Each structure stands twice: as C-alpha cells, then as structure tokens.
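Structure below is upload.pdb: PDB, C-alpha atoms.
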ATOM      1  CA  MET N   1      -5.795 -16.700  10.745
ATOM      2  CA  PHE N   2      -9.156 -17.455   9.158
ATOM      3  CA  LYS N   3     -11.185 -20.619   9.027
ATOM      4  CA  ILE N   4     -12.090 -21.808   5.542
ATOM      5  CA  SER N   5     -15.757 -21.041   6.238
ATOM      6  CA  GLU N   6     -14.810 -17.448   7.126
ATOM      7  CA  ILE N   7     -12.857 -17.113   3.875
ATOM      8  CA  ALA N   8     -15.941 -18.177   1.948
ATOM      9  CA  THR N   9     -17.971 -15.487   3.693
ATOM     10  CA  ILE N  10     -15.338 -12.750   3.302
ATOM     11  CA  THR N  11     -14.838 -13.436  -0.410
ATOM     12  CA  GLY N  12     -18.528 -13.899  -1.133
ATOM     13  CA  GLY N  13     -17.739 -17.381  -2.426
ATOM     14  CA  GLU N  14     -19.512 -20.719  -2.354
ATOM     15  CA  ARG N  15     -17.942 -23.870  -0.949
ATOM     16  CA  ILE N  16     -18.748 -26.113  -3.898
ATOM     17  CA  ARG N  17     -16.683 -28.949  -2.524
ATOM     18  CA  LYS N  18     -16.053 -29.042   1.183
ATOM     19  CA  THR N  19     -14.645 -31.333   3.775
ATOM     20  CA  THR N  20     -16.394 -32.189   7.007
ATOM     21  CA  GLY N  21     -13.890 -29.995   8.863
ATOM     22  CA  ASN N  22     -13.225 -26.272   8.922
ATOM     23  CA  ALA N  23      -9.539 -25.825   8.127
ATOM     24  CA  GLU N  24      -7.571 -22.947   9.652
ATOM     25  CA  ILE N  25      -5.674 -20.816   7.128
ATOM     26  CA  THR N  26      -2.575 -18.789   7.985
ATOM     27  CA  ASP N  27      -0.847 -18.555   4.607
ATOM     28  CA  ILE N  28      -1.870 -17.458   1.102
ATOM     29  CA  LEU N  29      -0.295 -18.908  -2.024
ATOM     30  CA  VAL N  30      -0.719 -17.412  -5.504
ATOM     31  CA  ASP N  31       2.478 -18.658  -7.149
ATOM     32  CA  SER N  32       2.836 -22.421  -7.517
ATOM     33  CA  ARG N  33       6.639 -22.070  -7.728
ATOM     34  CA  ARG N  34       6.949 -20.615  -4.244
ATOM     35  CA  TYR N  35       8.038 -22.947  -1.484
ATOM     36  CA  ILE N  36       5.229 -23.369   1.002
ATOM     37  CA  THR N  37       4.188 -25.440   3.943
ATOM     38  CA  ALA N  38       1.004 -27.074   2.680
ATOM     39  CA  ASP N  39      -0.664 -27.205   6.076
ATOM     40  CA  LYS N  40      -2.892 -24.182   6.767
ATOM     41  CA  CYS N  41      -2.348 -22.741   3.290
ATOM     42  CA  VAL N  42      -4.945 -21.671   0.722
ATOM     43  CA  PHE N  43      -4.138 -21.413  -2.987
ATOM     44  CA  ILE N  44      -5.917 -18.567  -4.775
ATOM     45  CA  ALA N  45      -5.987 -19.343  -8.494
ATOM     46  CA  LEU N  46      -5.345 -15.960 -10.093
ATOM     47  CA  LYS N  47      -5.828 -15.457 -13.804
ATOM     48  CA  GLY N  48      -3.326 -13.257 -15.640
ATOM     49  CA  ARG N  49      -2.741 -12.227 -19.212
ATOM     50  CA  ASN N  50      -0.413 -15.157 -19.885
ATOM     51  CA  ASN N  51      -1.035 -17.500 -16.982
ATOM     52  CA  ASN N  52      -3.926 -19.214 -15.243
ATOM     53  CA  GLY N  53      -3.539 -20.432 -11.686
ATOM     54  CA  HIS N  54      -6.210 -23.079 -12.245
ATOM     55  CA  ASP N  55      -3.693 -24.975 -14.383
ATOM     56  CA  TYR N  56      -1.623 -25.731 -11.265
ATOM     57  CA  ILE N  57      -4.315 -27.049  -8.955
ATOM     58  CA  HIS N  58      -3.471 -30.707  -9.558
ATOM     59  CA  GLU N  59       0.249 -30.069  -9.005
ATOM     60  CA  LEU N  60      -0.415 -28.257  -5.743
ATOM     61  CA  TYR N  61      -2.859 -30.893  -4.571
ATOM     62  CA  GLU N  62      -0.100 -33.469  -5.063
ATOM     63  CA  LYS N  63       2.147 -31.266  -2.909
ATOM     64  CA  GLY N  64      -0.391 -31.338  -0.093
ATOM     65  CA  ILE N  65      -2.508 -28.205  -0.562
ATOM     66  CA  ARG N  66      -6.098 -28.879   0.451
ATOM     67  CA  SER N  67      -7.732 -25.439   0.272
ATOM     68  CA  PHE N  68      -8.415 -23.632  -3.009
ATOM     69  CA  VAL N  69     -10.181 -20.462  -4.135
ATOM     70  CA  ILE N  70     -11.215 -20.713  -7.777
ATOM     71  CA  SER N  71     -13.285 -18.921 -10.420
ATOM     72  CA  ASP N  72     -13.157 -21.532 -13.214
ATOM     73  CA  THR N  73     -15.066 -24.804 -13.295
ATOM     74  CA  ILE N  74     -12.956 -27.799 -12.266
ATOM     75  CA  ALA N  75     -14.159 -30.753 -14.356
ATOM     76  CA  ASP N  76     -12.760 -33.498 -12.113
ATOM     77  CA  ILE N  77     -13.323 -31.745  -8.804
ATOM     78  CA  ASP N  78     -14.550 -34.933  -7.100
ATOM     79  CA  ALA N  79     -11.112 -36.458  -7.643
ATOM     80  CA  TYR N  80      -9.641 -34.088  -5.050
ATOM     81  CA  SER N  81     -10.456 -36.066  -1.958
ATOM     82  CA  GLY N  82     -10.214 -34.160   1.313
ATOM     83  CA  ALA N  83      -9.967 -30.754  -0.368
ATOM     84  CA  ASP N  84     -12.006 -27.572   0.065
ATOM     85  CA  PHE N  85     -12.928 -25.511  -3.000
ATOM     86  CA  ILE N  86     -14.418 -22.034  -2.730
ATOM     87  CA  HIS N  87     -15.854 -20.717  -5.991
ATOM     88  CA  VAL N  88     -15.850 -16.923  -6.498
ATOM     89  CA  LYS N  89     -16.563 -14.641  -9.441
ATOM     90  CA  ASP N  90     -13.106 -13.054  -9.413
ATOM     91  CA  THR N  91     -10.115 -14.538  -7.605
ATOM     92  CA  LEU N  92      -8.180 -11.246  -7.566
ATOM     93  CA  LYS N  93     -11.068  -9.531  -5.802
ATOM     94  CA  ALA N  94     -11.200 -12.478  -3.408
ATOM     95  CA  LEU N  95      -7.499 -12.061  -2.589
ATOM     96  CA  GLN N  96      -8.000  -8.359  -1.976
ATOM     97  CA  ALA N  97     -11.076  -8.898   0.200
ATOM     98  CA  LEU N  98      -9.274 -11.466   2.333
ATOM     99  CA  SER N  99      -6.246  -9.212   2.810
ATOM    100  CA  LYS N 100      -8.507  -6.271   3.658
ATOM    101  CA  ALA N 101     -10.203  -8.353   6.371
ATOM    102  CA  HIS N 102      -6.767  -9.304   7.704
ATOM    103  CA  ARG N 103      -5.658  -5.643   7.814
ATOM    104  CA  GLU N 104      -8.697  -4.725   9.899
ATOM    105  CA  LYS N 105      -7.398  -6.881  12.757
ATOM    106  CA  PHE N 106      -4.558  -4.464  13.490
ATOM    107  CA  ASP N 107      -4.320  -0.936  14.833
ATOM    108  CA  ILE N 108      -0.680   0.033  14.432
ATOM    109  CA  PRO N 109       0.856   3.000  12.575
ATOM    110  CA  VAL N 110       0.823   2.090   8.888
ATOM    111  CA  ILE N 111       2.875   4.163   6.444
ATOM    112  CA  GLY N 112       1.707   4.192   2.825
ATOM    113  CA  ILE N 113       4.033   5.326   0.039
ATOM    114  CA  THR N 114       3.224   6.135  -3.561
ATOM    115  CA  GLY N 115       4.797   8.064  -6.422
ATOM    116  CA  SER N 116       6.101   7.473  -9.912
ATOM    117  CA  ASN N 117       9.443   6.134  -8.716
ATOM    118  CA  GLY N 118      11.546   5.832  -5.572
ATOM    119  CA  LYS N 119       8.853   4.067  -3.525
ATOM    120  CA  THR N 120      10.998   1.047  -2.716
ATOM    121  CA  ILE N 121      14.052   3.128  -1.797
ATOM    122  CA  ILE N 122      12.025   5.289   0.598
ATOM    123  CA  LYS N 123      10.453   2.196   2.123
ATOM    124  CA  GLU N 124      13.866   0.610   2.711
ATOM    125  CA  TRP N 125      15.298   3.822   4.186
ATOM    126  CA  LEU N 126      12.446   4.025   6.660
ATOM    127  CA  PHE N 127      12.831   0.367   7.538
ATOM    128  CA  GLN N 128      16.553   0.807   8.204
ATOM    129  CA  ILE N 129      15.818   3.758  10.505
ATOM    130  CA  LEU N 130      12.977   2.164  12.454
ATOM    131  CA  GLN N 131      14.156  -1.431  12.759
ATOM    132  CA  HIS N 132      16.704  -0.679  15.489
ATOM    133  CA  GLU N 133      14.033   0.246  18.014
ATOM    134  CA  HIS N 134      10.842  -1.275  16.600
ATOM    135  CA  LYS N 135       9.599  -4.416  14.948
ATOM    136  CA  VAL N 136       8.594  -3.384  11.437
ATOM    137  CA  VAL N 137       6.816  -5.216   8.623
ATOM    138  CA  ARG N 138       7.244  -3.922   5.084
ATOM    139  CA  SER N 139       6.429  -4.747   1.481
ATOM    140  CA  PRO N 140       8.804  -7.413   0.145
ATOM    141  CA  LYS N 141      10.881  -6.156  -2.786
ATOM    142  CA  SER N 142       8.579  -3.964  -4.918
ATOM    143  CA  TYR N 143       5.282  -5.616  -4.028
ATOM    144  CA  ASN N 144       3.066  -2.624  -4.807
ATOM    145  CA  SER N 145       0.557  -3.912  -7.374
ATOM    146  CA  GLN N 146      -3.036  -5.141  -7.141
ATOM    147  CA  VAL N 147      -1.575  -8.542  -6.206
ATOM    148  CA  GLY N 148       1.570  -7.396  -4.410
ATOM    149  CA  VAL N 149      -0.171  -5.122  -1.894
ATOM    150  CA  PRO N 150      -2.530  -7.825  -0.556
ATOM    151  CA  LEU N 151       0.390 -10.222  -0.157
ATOM    152  CA  SER N 152       2.381  -7.523   1.658
ATOM    153  CA  VAL N 153      -0.438  -6.692   4.063
ATOM    154  CA  TRP N 154      -1.058 -10.373   4.757
ATOM    155  CA  GLN N 155       2.330 -10.421   6.558
ATOM    156  CA  MET N 156       0.973  -8.287   9.410
ATOM    157  CA  GLU N 157       1.063  -9.940  12.820
ATOM    158  CA  LYS N 158       0.380  -8.814  16.385
ATOM    159  CA  SER N 159       4.088  -8.566  17.165
ATOM    160  CA  TYR N 160       4.704  -5.732  14.683
ATOM    161  CA  GLU N 161       4.772  -2.118  15.865
ATOM    162  CA  TYR N 162       4.935  -0.398  12.462
ATOM    163  CA  ALA N 163       4.071  -1.306   8.885
ATOM    164  CA  ILE N 164       5.417   0.251   5.675
ATOM    165  CA  PHE N 165       3.678  -0.551   2.402
ATOM    166  CA  GLU N 166       4.160   0.902  -1.064
ATOM    167  CA  ALA N 167       1.384   1.223  -3.618
ATOM    168  CA  GLY N 168       1.667   1.603  -7.368
ATOM    169  CA  ILE N 169      -0.977   1.999 -10.049
ATOM    170  CA  SER N 170      -0.925   1.813 -13.837
ATOM    171  CA  GLN N 171      -4.468   2.986 -14.618
ATOM    172  CA  PRO N 172      -7.448   4.791 -13.059
ATOM    173  CA  ASP N 173      -9.594   3.225 -10.311
ATOM    174  CA  GLU N 174      -6.802   1.020  -8.954
ATOM    175  CA  MET N 175      -5.777   3.090  -5.938
ATOM    176  CA  ASP N 176      -9.224   2.944  -4.320
ATOM    177  CA  LYS N 177      -8.751  -0.797  -3.894
ATOM    178  CA  LEU N 178      -5.216  -0.457  -2.508
ATOM    179  CA  GLN N 179      -6.269   2.240  -0.045
ATOM    180  CA  GLN N 180      -8.907  -0.053   1.434
ATOM    181  CA  ILE N 181      -6.300  -2.766   1.903
ATOM    182  CA  ILE N 182      -3.425  -0.661   3.271
ATOM    183  CA  LYS N 183      -5.460   1.939   5.196
ATOM    184  CA  PRO N 184      -2.386   4.081   5.934
ATOM    185  CA  LYS N 185      -2.269   6.500   8.848
ATOM    186  CA  ILE N 186       0.806   8.287   7.496
ATOM    187  CA  GLY N 187       1.253   9.012   3.794
ATOM    188  CA  ILE N 188       4.332   9.769   1.720
ATOM    189  CA  PHE N 189       3.822  11.142  -1.796
ATOM    190  CA  ALA N 190       7.262  10.655  -3.314
ATOM    191  CA  ASN N 191       7.032  12.370  -6.705
ATOM    192  CA  ILE N 192       5.298  12.336 -10.063
ATOM    193  CA  GLY N 193       6.820  11.344 -13.393
ATOM    194  CA  GLU N 194       6.100   9.910 -16.813
ATOM    195  CA  ALA N 195       5.551   6.249 -15.856
ATOM    196  CA  HIS N 196       2.185   4.819 -17.044
ATOM    197  CA  ASN N 197       1.110   8.137 -18.534
ATOM    198  CA  GLU N 198      -0.583   6.364 -21.457
ATOM    199  CA  LYS N 199      -3.451   5.121 -19.262
ATOM    200  CA  PHE N 200      -4.312   8.567 -17.868
ATOM    201  CA  ILE N 201      -5.964  11.531 -19.543
ATOM    202  CA  SER N 202      -3.492  13.945 -17.977
ATOM    203  CA  GLN N 203      -0.790  14.207 -15.339
ATOM    204  CA  ASN N 204      -3.282  15.866 -13.011
ATOM    205  CA  GLN N 205      -5.589  12.865 -13.315
ATOM    206  CA  LYS N 206      -2.725  10.541 -12.434
ATOM    207  CA  ILE N 207      -1.832  12.658  -9.390
ATOM    208  CA  GLY N 208      -5.467  12.665  -8.319
ATOM    209  CA  GLU N 209      -5.645   8.875  -8.614
ATOM    210  CA  LYS N 210      -2.478   8.409  -6.544
ATOM    211  CA  LEU N 211      -3.792  10.872  -3.987
ATOM    212  CA  LYS N 212      -6.653   8.484  -3.209
ATOM    213  CA  LEU N 213      -4.222   6.460  -1.085
ATOM    214  CA  PHE N 214      -4.125   9.349   1.401
ATOM    215  CA  THR N 215      -7.766  10.328   1.786
ATOM    216  CA  LYS N 216      -7.916   9.042   5.370
ATOM    217  CA  VAL N 217      -4.372   9.549   6.650
ATOM    218  CA  ASP N 218      -3.558  11.627   9.719
ATOM    219  CA  ALA N 219      -0.478  13.166   8.098
ATOM    220  CA  LEU N 220       0.955  13.478   4.577
ATOM    221  CA  VAL N 221       4.604  14.060   3.714
ATOM    222  CA  TYR N 222       5.495  15.516   0.315
ATOM    223  CA  CYS N 223       7.957  17.794  -1.455
ATOM    224  CA  ALA N 224       6.680  21.327  -2.031
ATOM    225  CA  ASP N 225       8.972  21.610  -5.065
ATOM    226  CA  HIS N 226       6.694  19.249  -7.009
ATOM    227  CA  THR N 227       4.347  22.026  -8.111
ATOM    228  CA  ALA N 228       1.983  19.676  -9.965
ATOM    229  CA  ILE N 229       1.411  17.652  -6.788
ATOM    230  CA  GLN N 230       1.047  20.810  -4.725
ATOM    231  CA  GLU N 231      -1.595  22.231  -7.088
ATOM    232  CA  VAL N 232      -3.713  19.060  -7.077
ATOM    233  CA  LEU N 233      -3.471  18.864  -3.294
ATOM    234  CA  PHE N 234      -4.727  22.426  -2.919
ATOM    235  CA  ARG N 235      -7.575  21.928  -5.390
ATOM    236  CA  SER N 236      -8.668  18.699  -3.723
ATOM    237  CA  GLN N 237      -8.925  20.491  -0.336
ATOM    238  CA  ILE N 238      -7.511  17.349   1.307
ATOM    239  CA  LEU N 239      -5.102  19.502   3.316
ATOM    240  CA  GLU N 240      -8.084  20.951   5.183
ATOM    241  CA  THR N 241      -8.657  17.619   6.918
ATOM    242  CA  ILE N 242      -5.168  16.146   7.255
ATOM    243  CA  LYS N 243      -1.864  17.440   8.541
ATOM    244  CA  ALA N 244       0.862  18.079   5.971
ATOM    245  CA  PHE N 245       4.613  17.961   6.449
ATOM    246  CA  THR N 246       6.490  19.502   3.533
ATOM    247  CA  TRP N 247      10.121  19.647   2.550
ATOM    248  CA  SER N 248      11.811  21.745  -0.106
ATOM    249  CA  ARG N 249      15.058  22.903  -1.602
ATOM    250  CA  LYS N 250      13.470  26.036  -3.107
ATOM    251  CA  GLU N 251      10.308  27.036  -1.246
ATOM    252  CA  GLU N 252       9.380  27.718   2.341
ATOM    253  CA  ALA N 253       8.510  24.401   3.983
ATOM    254  CA  ASP N 254       8.472  22.544   7.283
ATOM    255  CA  LEU N 255      11.904  21.231   6.367
ATOM    256  CA  LYS N 256      14.067  23.490   4.194
ATOM    257  CA  ILE N 257      17.135  21.838   2.677
ATOM    258  CA  THR N 258      19.828  24.483   2.296
ATOM    259  CA  SER N 259      22.789  22.341   1.319
ATOM    260  CA  VAL N 260      23.617  18.803   0.251
ATOM    261  CA  GLN N 261      26.878  17.006   0.914
ATOM    262  CA  LYS N 262      27.790  13.829  -0.919
ATOM    263  CA  THR N 263      30.171  11.303   0.585
ATOM    264  CA  HIS N 264      31.562   8.138  -0.928
ATOM    265  CA  LEU N 265      31.686   5.125   1.358
ATOM    266  CA  GLU N 266      34.690   2.874   0.942
TER     267      GLU N 266
END

Can you present the structure in this file as structure tokens?
Amino acid sequence: MFKISEIATITGGERIRKTTGNAEITDILVDSRRYITADKCVFIALKGRNNNGHDYIHELYEKGIRSFVISDTIADIDAYSGADFIHVKDTLKALQALSKAHREKFDIPVIGITGSNGKTIIKEWLFQILQHEHKVVRSPKSYNSQVGVPLSVWQMEKSYEYAIFEAGISQPDEMDKLQQIIKPKIGIFANIGEAHNEKFISQNQKIGEKLKLFTKVDALVYCADHTAIQEVLFRSQILETIKAFTWSRKEEADLKITSVQKTHLE
C-alpha cells in the first residue's frame, strides 16, 4: 500500500491536480477493460504502439477511479472533481518504479525464470510442487514483459512464503529493468532458442542479456547440455560469485538424467 503522495515521490512525478486528502493505493490498473474496485486503485495511463491509456481516463473516472498517473496533457483536467493526477515523463517507467518499491518491502525467496521458451510451464510446475506446503505467488499466465513483470510483482503480500516470476525480453537493455523489479534469489535459465533473434547482434548477446536477471542470485539452475549458455556463463565469470546447480542428459552434472519414461494419463 502506498499513499498517493508516496507514489508521486517514487515515480518522480508532479501532482498537477490534487485533492485535499492523501488517498491510499492498493491496486494498479493499466487495462480499462479489467474489472476493478475503484476504491484505492490508481490508473497508470500507458502508451502503446496502437493504444493510449489517456483515451480512457474519462471512462474510468465515470466508473469511480480517482487516482491517475499520466504523461500527456489533459485539456479538461479541472472537470475531474475530487481526482488526483500525477504527471510523469514516462508512465511505463512510473509503473516499473512503483512495482520496484513494492518488491523492496519483502524478503522472501523469489525465483526468477527466463529462457527462449518454456518459462510458463516451469513456473507452473514449481507452483504445483510448492503450493501444497507453502503459500506461493506467481506470474499470472505469461506476464513476463516490461508491463507484465511489474503487475506480477505487485501481487506480493506479507502472507506469501515464495514467489515465482518469469521474465522475457525482445531486445537489449530490457532485462536490467526486470532484474531490479524481480530481484530473484534463485534463478532458472531454461534454454536458448531463435525467438526475437532479429533484435540481437548474435545469440551470445541474447544469452548475455538474459543472464542479467541472475547477476545477484544466490543460486542458478541450468542445463549443462545447452553449450551456448554454458560458454557465456563461463566467460562472464558469474559462476565465481553464485552457486550453480546443473542438470544434463549427456554431461557430468549435479543431476544426471540417465533414462526417461513416458506415461499416458487416462
């Protein structure tokens, strides 16, 4: 929970229209179509390639929202009686800063997962294993983008004992931001493939960018059979400061898989 004045400070924004109060915020809204409880909710008006959240401010005001984070100029802003408006340079950066501040409130084991594919499956497997003995928060669906990760992390509450978040990138310099939001203690590097290759100079660059999620983990889990990942890990010298747990079907590893049995469930 943050007060609206705290959100202004965290996001580096200016309260250009403010109420006499200091509303408490517990929920973030970025999609006007999502069902919300208007009380204690802030709408962050994100701007995408084909959509602009500022276009939905009036609609959401009519639904009861009274707290907004914006980057555009609102011509009729005085018409929104009883509403708070925080103006920032970039609403996406504001969302990420707010989620980062929220993450810093908690000190529980956080598992971060990245890779070219399979992130969501691994996340769900882990959740199914842990949920029987622990209360676990995880990324909804495949929320692993620059928007999805902040929304995932915002779900963290004091009652949770573990958190599992996946992170995906499509171009350089994105993972630094996600690492600061997730701050994983345990990392899982799933694999590397061809997805989003067009935005990277080489496969090694893409691996290096994904590896940024794990720069401050205590332990990293990965498959030793992915030689490209293994090579970048060795060159980066990251394994000198963190513990690695490897698995393999071919090489010597902490976990050597010698046989696989497939069963069909009725």

Tell me, as a ChimeraX atom specification, which residues lie within 10 Å of His54 of chain N, counting only C-alpha atoms; anything in the same chain fewer than 5 positions away does not count.
-> /N:43-47,68-74

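The neighbours of Lys250 of chain N here are the residues that come within 12 Å of it, using all atoms listed in the file and leaving out any residue fewer than 2 positions away in the same chain; they are N:Cys223, N:Ala224, N:Asp225, N:His226, N:Thr227, N:Thr246, N:Trp247, N:Ser248, N:Glu252, N:Ala253, N:Leu255, N:Lys256, N:Ile257, N:Thr258, N:Ser259.
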
Written as an MDAnalysis selection string, what is the full residue list that the PyMOL selection byres ((chain N and resi 241) around 12) yields on the file shown?
-> chainID N and resid 214:220 233:234 236:240 242:244

For the file shown, report as a PyMOL selection string the outcome of the PyMOL selection byres ((chain N and resi 177) around 10) at residue level.
-> chain N and resi 93+96-97+100+146+149-150+173-176+178-182+212-213

Taken to one decimal, the atom CA of Thr114 of chain N-atom CA of Lys183 of chain N distance is 13.0 Å

Could you pull the residues within 12 Å of segment 2-6 of chain N, counting all atoms listed in the file, minus those fewer than 5 positions along the same chain, as number ranges by chain?
-> N: 11-28, 40-43, 66-69, 83-86, 97-99, 101-102, 105, 154

At what distance in Å, to one decimal, does atom CA of Ala94 of chain N lie from atom CA of Ile65 of chain N?
-> 18.2 Å

For the point (2.3, -10.0, -4.8) in the file's frame, write as a PyMOL selection string all residues with an atom no more than 12 Å away, counting only C-alpha atoms.
-> chain N and resi 28-31+34+44+46+92+95-96+99+139-155+165-168

Check which residues satisfy the PyMOL selection byres ((chain N and resi 189) around 7) in the file shown, then give them as a ChimeraX atom specification.
-> /N:113-115,187-188,190-191,221-222

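Here atom CA of Asp90 of chain N is placed at a distance of 21.1 Å from atom CA of Tyr61 of chain N.
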
With distances taken over only C-alpha atoms, which of N:Ile192, N:His264, N:Glu157, N:Ala79 is nearest to Gln230 of chain N?
-> N:Ile192

N:Ala228, N:Ile108, N:Val260, N:Met156 ranked by distance to Ile186 of chain N, top pick (using all atoms listed in the file) =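 So, comparing all the options, the nearest one is N:Ile108.
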
Padded axis-aligned box of segment 122-137 of chain N (3 Å per side), centre and edge lengths, Å, one decimal, as AutoDock Vina command-line options:
--center_x 11.8 --center_y 0.0 --center_z 9.3 --size_x 15.9 --size_y 16.5 --size_z 23.4

Residue neighbourhood Gln203 of chain N, 12 Å, only C-alpha atoms, exclusion window fewer than 3 positions, as a PyMOL selection string | chain N and resi 116+171-172+191-200+206-210+227-229+231-232

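Closest approach to His134 of chain N from the set N:Val88, N:Ile57, N:Ala163, N:Ile169 is made by N:Ala163, with distances taken over all atoms listed in the file.
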
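Distances to Met1 of chain N were evaluated for N:Ile164, N:Arg103, N:Ser32, N:Lys135 using only C-alpha atoms, and the minimum falls at N:Arg103.
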